[in-house]
Structure formats: structure tokens, C-alpha cells
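The structure file query17.cif is reproduced below (mmCIF, C-alpha atoms).
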```cif
data_target
loop_
_atom_site.label_atom_id
_atom_site.label_comp_id
_atom_site.auth_asym_id
_atom_site.auth_seq_id
_atom_site.Cartn_x
_atom_site.Cartn_y
_atom_site.Cartn_z
CA MET A 1 141.69 50.22 161.56
CA ALA A 2 142.13 53.51 163.38
CA ASP A 3 139.39 56.13 163.20
CA PHE A 4 141.96 58.91 163.49
CA ASP A 5 143.21 60.33 160.18
CA THR A 6 146.50 62.06 160.89
CA LEU A 7 146.81 63.91 157.57
CA SER A 8 143.23 65.20 157.82
CA ALA A 9 143.98 66.47 161.32
CA LEU A 10 147.24 68.08 160.18
CA LYS A 11 145.92 69.86 157.08
CA PRO A 12 143.83 72.60 158.81
CA LEU A 13 146.73 73.37 161.14
CA VAL A 14 149.13 73.89 158.23
CA GLN A 15 146.50 75.85 156.28
CA SER A 16 146.20 78.26 159.23
CA VAL A 17 149.57 79.68 158.16
CA PRO A 18 148.57 82.58 155.86
CA ASP A 19 151.22 81.81 153.18
CA LEU A 20 149.84 78.26 152.88
CA ALA A 21 146.09 78.99 152.83
CA GLY A 22 143.94 78.93 149.73
CA GLY A 23 144.90 75.66 148.10
CA ARG A 24 148.61 75.83 148.86
CA THR A 25 148.56 72.79 151.16
CA LEU A 26 148.59 69.61 149.10
CA GLU A 27 149.16 65.89 149.68
CA ALA A 28 151.98 63.46 148.97
CA ALA A 29 150.47 62.31 145.66
CA ASP A 30 150.65 65.87 144.34
CA LEU A 31 154.34 66.08 145.24
CA ALA A 32 154.99 62.69 143.63
CA GLU A 33 153.34 63.87 140.41
CA LEU A 34 155.40 67.08 140.33
CA ILE A 35 158.57 65.05 140.82
CA ARG A 36 157.51 62.64 138.07
CA GLN A 37 156.97 65.58 135.70
CA GLN A 38 160.19 67.28 136.88
CA ALA A 39 158.09 70.36 137.64
CA LEU A 40 157.80 72.86 140.48
CA PRO A 41 154.67 74.28 142.13
CA ASN A 42 153.44 77.57 140.68
CA ASN A 43 152.88 79.23 144.07
CA PRO A 44 155.64 81.13 145.86
CA ALA A 45 155.07 78.84 148.89
CA THR A 46 153.48 75.39 148.90
CA ALA A 47 153.23 72.70 151.58
CA PHE A 48 152.92 68.97 150.94
CA LEU A 49 151.68 66.62 153.68
CA VAL A 50 153.61 63.36 153.55
CA PRO A 51 153.13 60.31 155.80
CA THR A 52 156.61 59.13 156.80
CA GLY A 53 155.92 56.02 158.87
CA LEU A 54 155.27 54.59 162.31
CA ARG A 55 157.62 54.22 165.26
CA PRO A 56 157.02 52.20 168.47
CA ARG A 57 157.30 54.09 171.75
CA GLY A 58 158.16 50.94 173.69
CA GLU A 59 157.48 47.23 173.89
CA GLY A 60 153.91 47.68 175.13
CA ASP A 61 152.14 46.43 178.25
CA ALA A 62 150.26 43.15 178.54
CA GLY A 63 148.03 41.93 181.33
CA ALA A 64 144.54 40.60 182.07
CA SER A 65 143.92 39.63 178.42
CA ALA A 66 144.83 43.10 177.20
CA PHE A 67 147.75 44.56 175.30
CA ILE A 68 148.44 48.28 174.87
CA GLN A 69 151.35 49.77 172.95
CA SER A 70 151.95 53.44 172.22
CA ILE A 71 153.19 54.33 168.77
CA ASP A 72 154.15 57.53 167.00
CA GLU A 73 152.72 58.24 163.59
CA MET A 74 155.27 60.33 161.75
CA VAL A 75 154.27 62.95 159.18
CA ALA A 76 156.23 65.58 157.31
CA VAL A 77 155.35 68.98 155.94
CA VAL A 78 157.53 69.49 152.88
CA LEU A 79 157.75 73.19 152.12
CA VAL A 80 158.63 74.41 148.65
CA VAL A 81 159.45 78.11 148.52
CA ARG A 82 160.19 79.94 145.29
CA THR A 83 161.50 83.48 144.92
CA ALA A 84 161.09 85.31 141.62
CA ALA A 85 164.32 86.07 139.74
CA ASP A 86 166.40 84.07 142.23
CA VAL A 87 167.91 81.02 140.54
CA THR A 88 170.11 80.17 143.54
CA GLY A 89 167.34 80.42 146.15
CA ALA A 90 169.50 82.60 148.41
CA LYS A 91 166.90 85.38 148.62
CA GLY A 92 164.29 82.85 149.76
CA LEU A 93 166.14 81.60 152.86
CA PRO A 94 164.74 84.23 155.26
CA ARG A 95 161.24 83.46 154.01
CA VAL A 96 161.83 79.71 154.46
CA ASN A 97 162.99 80.29 158.03
CA ALA A 98 159.90 82.35 158.87
CA LEU A 99 157.63 79.80 157.21
CA VAL A 100 159.24 76.84 159.03
CA TRP A 101 158.66 78.51 162.41
CA ALA A 102 155.09 79.48 161.46
CA VAL A 103 154.33 75.84 160.56
CA ILE A 104 155.94 74.54 163.75
CA GLY A 105 153.88 77.00 165.80
CA ALA A 106 150.64 76.15 163.99
CA VAL A 107 151.08 72.38 164.15
CA ALA A 108 152.84 71.75 167.45
CA GLY A 109 150.76 74.35 169.28
CA GLY A 110 147.35 72.94 168.31
CA ASP A 111 145.12 70.31 169.90
CA VAL A 112 143.91 67.28 167.95
CA GLU A 113 140.76 65.36 168.89
CA ASP A 114 140.75 61.56 169.20
CA ALA A 115 144.49 61.28 169.61
CA ILE A 116 146.44 60.37 172.72
CA GLY A 117 148.71 63.36 172.38
CA VAL A 118 149.25 66.38 170.21
CA PHE A 119 151.55 66.85 167.26
CA ARG A 120 155.14 67.21 168.42
CA PHE A 121 158.00 68.72 166.46
CA ALA A 122 160.33 65.87 165.47
CA GLY A 123 163.02 67.61 163.39
CA GLY A 124 163.57 69.40 160.15
CA GLN A 125 166.12 69.75 157.40
CA LEU A 126 166.86 71.50 154.14
CA HIS A 127 166.58 68.92 151.35
CA SER A 128 167.60 70.82 148.28
CA VAL A 129 167.65 74.00 146.29
CA THR A 130 166.63 73.37 142.70
CA ALA A 131 166.13 76.08 140.06
CA GLY A 132 165.57 78.65 142.79
CA ALA A 133 163.06 76.51 144.72
CA ILE A 134 163.96 75.62 148.29
CA PHE A 135 162.70 72.26 149.61
CA TYR A 136 162.56 72.08 153.42
CA GLN A 137 161.07 69.17 155.37
CA VAL A 138 159.55 69.70 158.83
CA ASN A 139 158.79 66.46 160.71
CA PHE A 140 156.06 65.92 163.28
CA ALA A 141 154.85 62.97 165.34
CA ILE A 142 151.60 62.23 167.12
CA GLN A 143 151.13 59.51 169.71
CA LEU A 144 148.51 56.86 169.02
CA GLN A 145 147.77 53.58 170.80
CA LEU A 146 147.52 50.01 169.59
CA ARG A 147 145.01 48.18 171.81
CA SER A 148 144.02 44.53 171.95
CA PHE A 149 141.50 43.23 174.50
#
```
Please express the file's structure as C-alpha cells.
Amino acid sequence: MADFDTLSALKPLVQSVPDLAGGRTLEAADLAELIRQQALPNNPATAFLVPTGLRPRGEGDAGASAFIQSIDEMVAVVLVVRTAADVTGAKGLPRVNALVWAVIGAVAGGDVEDAIGVFRFAGGQLHSVTAGAIFYQVNFAIQLQLRSF
């Protein structure tokens, strides 16, 4: 079991974005509960940290009774931005754009202890606009290693 907790390392980086500080950075379970209740967050901007899987970075190297394989742990920051009196979400798009770039700068520009690499930007996309709330997913990856000796 790895000692490195990717979501714990990601959370302070996302919270360093002023619009997401003060309890506005939540975890996947909170997002799942909101979806179950068909509800939206109360804040004008909220981030949810969601683990999205693992991806091998190659076949690995074996030799002298050792095996090492690099892997990427994938995580997403799902941003939910609401604008008052804007059912379509159109007024919120400039704010979403600014927030996406602030998150990318905070996460991909920071160092993380006990990891092989740092968080890298791995893509992003608009998911939906629902009742004036814009859902935008920003994906990141961090390189870890699988070692067997």
C-alpha cells in the first residue's frame, strides 16, 4: 500500500485558489451525494476532488530480482460555478475560464513530497450546464512507482 495520498496532496493546492478556500473544496463522496439528491452546491464556486483511475506509463523494467513500473494516478477537480439570476450559465463562463486557469496554475505549478513527479495537467472539458450551474472537469496526473524487490 502506498504511503502517498494523492487527494490529500491535491487538496491544499486547490484550496490555495481564493474562490475555493474556506470549505469550498470537497471530495467525491460529497459530489455523489449532491447528485443523488439532485441538488447543487450553495457556494458560487465549489471544487470536488475525484480519483479517476490509474494508467501505466510503460511495461516496467525487471532485473536482478527487482521490478519497477511507473504509473500515473489520475485525479480530477470538478468545478461547479453558479451565477445568481443566470439560468443558462452564460454569465458564468468568464468566471469558469479564470477559475480553470487558477486551478491549473495552483496544482500543476506546485511540488508534492514523496512522489516521483509533480501534478501534470492532463486535460479538461465542460461537462454540463444545469439550472445555471456550470460543471467543468480539470484532469491531473502524478507519476508514482510500483516496486517489487
Legend entry - Residue among A:Ala98, A:Leu144, A:Ile35, A:Ile71 lying closest to Arg55 (chain A), counting only C-alpha atoms: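 Selected residue with least distance to Arg55 (chain A): A:Ile71.
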Legend entry - Straight-line distance linking CA of Thr6 (chain A) with CA of Leu31 (chain A), stated in Å to one decimal: 18.0 Å
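Every protein or nucleic acid residue with an atom no more than 9 Å from Gly124 (chain A), counting all atoms listed in the file and leaving out same-chain residues fewer than 3 positions away, appears here: Ala76, Val100, Phe121, Tyr136, Gln137, Val138, Asn139 and Phe140 of chain A.
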Inset, instruction - To verify the selection step, state as a list in words which residues the PyMOL selection byres ((chain A and resi 83) around 12) yields on this input. - result: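 That expression, the PyMOL selection byres ((chain A and resi 83) around 12), corresponds here to Pro41, Asn42, Asn43, Pro44, Ala45, Val80, Val81, Arg82, Ala84, Ala85, Asp86, Val87, Thr88, Gly89, Ala90, Lys91, Gly92, Leu93, Pro94, Arg95, Val96, Val129, Thr130, Ala131, Gly132, Ala133 and Ile134 of chain A.
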Legend entry - Long-range neighbours of Arg120 (chain A) as a list in words, 7 Å cut-off, all atoms listed in the file, 6 positions minimum in chain: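 Those residues are Ala108, Phe140, Ala141 and Ile142 of chain A.
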Write out as AutoDock Vina command-line options an axis-aligned box for region 64-73 of chain A: all of its atoms listed in the file, 3 Å added on each side, centre and edge lengths in Å with one decimal.
```
--center_x 149.0 --center_y 48.9 --center_z 172.8 --size_x 16.2 --size_y 24.6 --size_z 24.5
```
Inset, instruction - Find the distance between CA of Ile68 (chain A) and CA of Leu146 (chain A) and write it in Å to one decimal. - result: 5.6 Å
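Once the PyMOL selection byres ((chain A and resi 16) around 12) is applied to the shown structure, the selection contains Leu10, Lys11, Pro12, Leu13, Val14, Gln15, Val17, Pro18, Asp19, Leu20, Ala21, Gly22, Gly23, Arg24, Thr25, Ala47, Leu99, Ala102, Val103, Ile104, Gly105, Ala106, Val107, Gly109 and Gly110 of chain A.
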Inset, instruction - Tell me which residues the PyMOL selection byres ((chain A and resi 149) around 7) grabs here, as a ChimeraX atom specification. - result: /A:65-67,147-148
Any chance you could export the current selection's C-alpha atoms as a CSV table (one decimal), in the coordinates of the input?
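See selection01.csv below for the written result:
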```
chain,number,residue,atom,x,y,z
A,65,SER,CA,143.9,39.6,178.4
A,66,ALA,CA,144.8,43.1,177.2
A,67,PHE,CA,147.8,44.6,175.3
A,147,ARG,CA,145.0,48.2,171.8
A,148,SER,CA,144.0,44.5,172.0
```
Legend entry - Coordinates-based distance that separates CA of Val50 (chain A) from CA of His127 (chain A) (Å, one decimal):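 The value is 14.3 Å.
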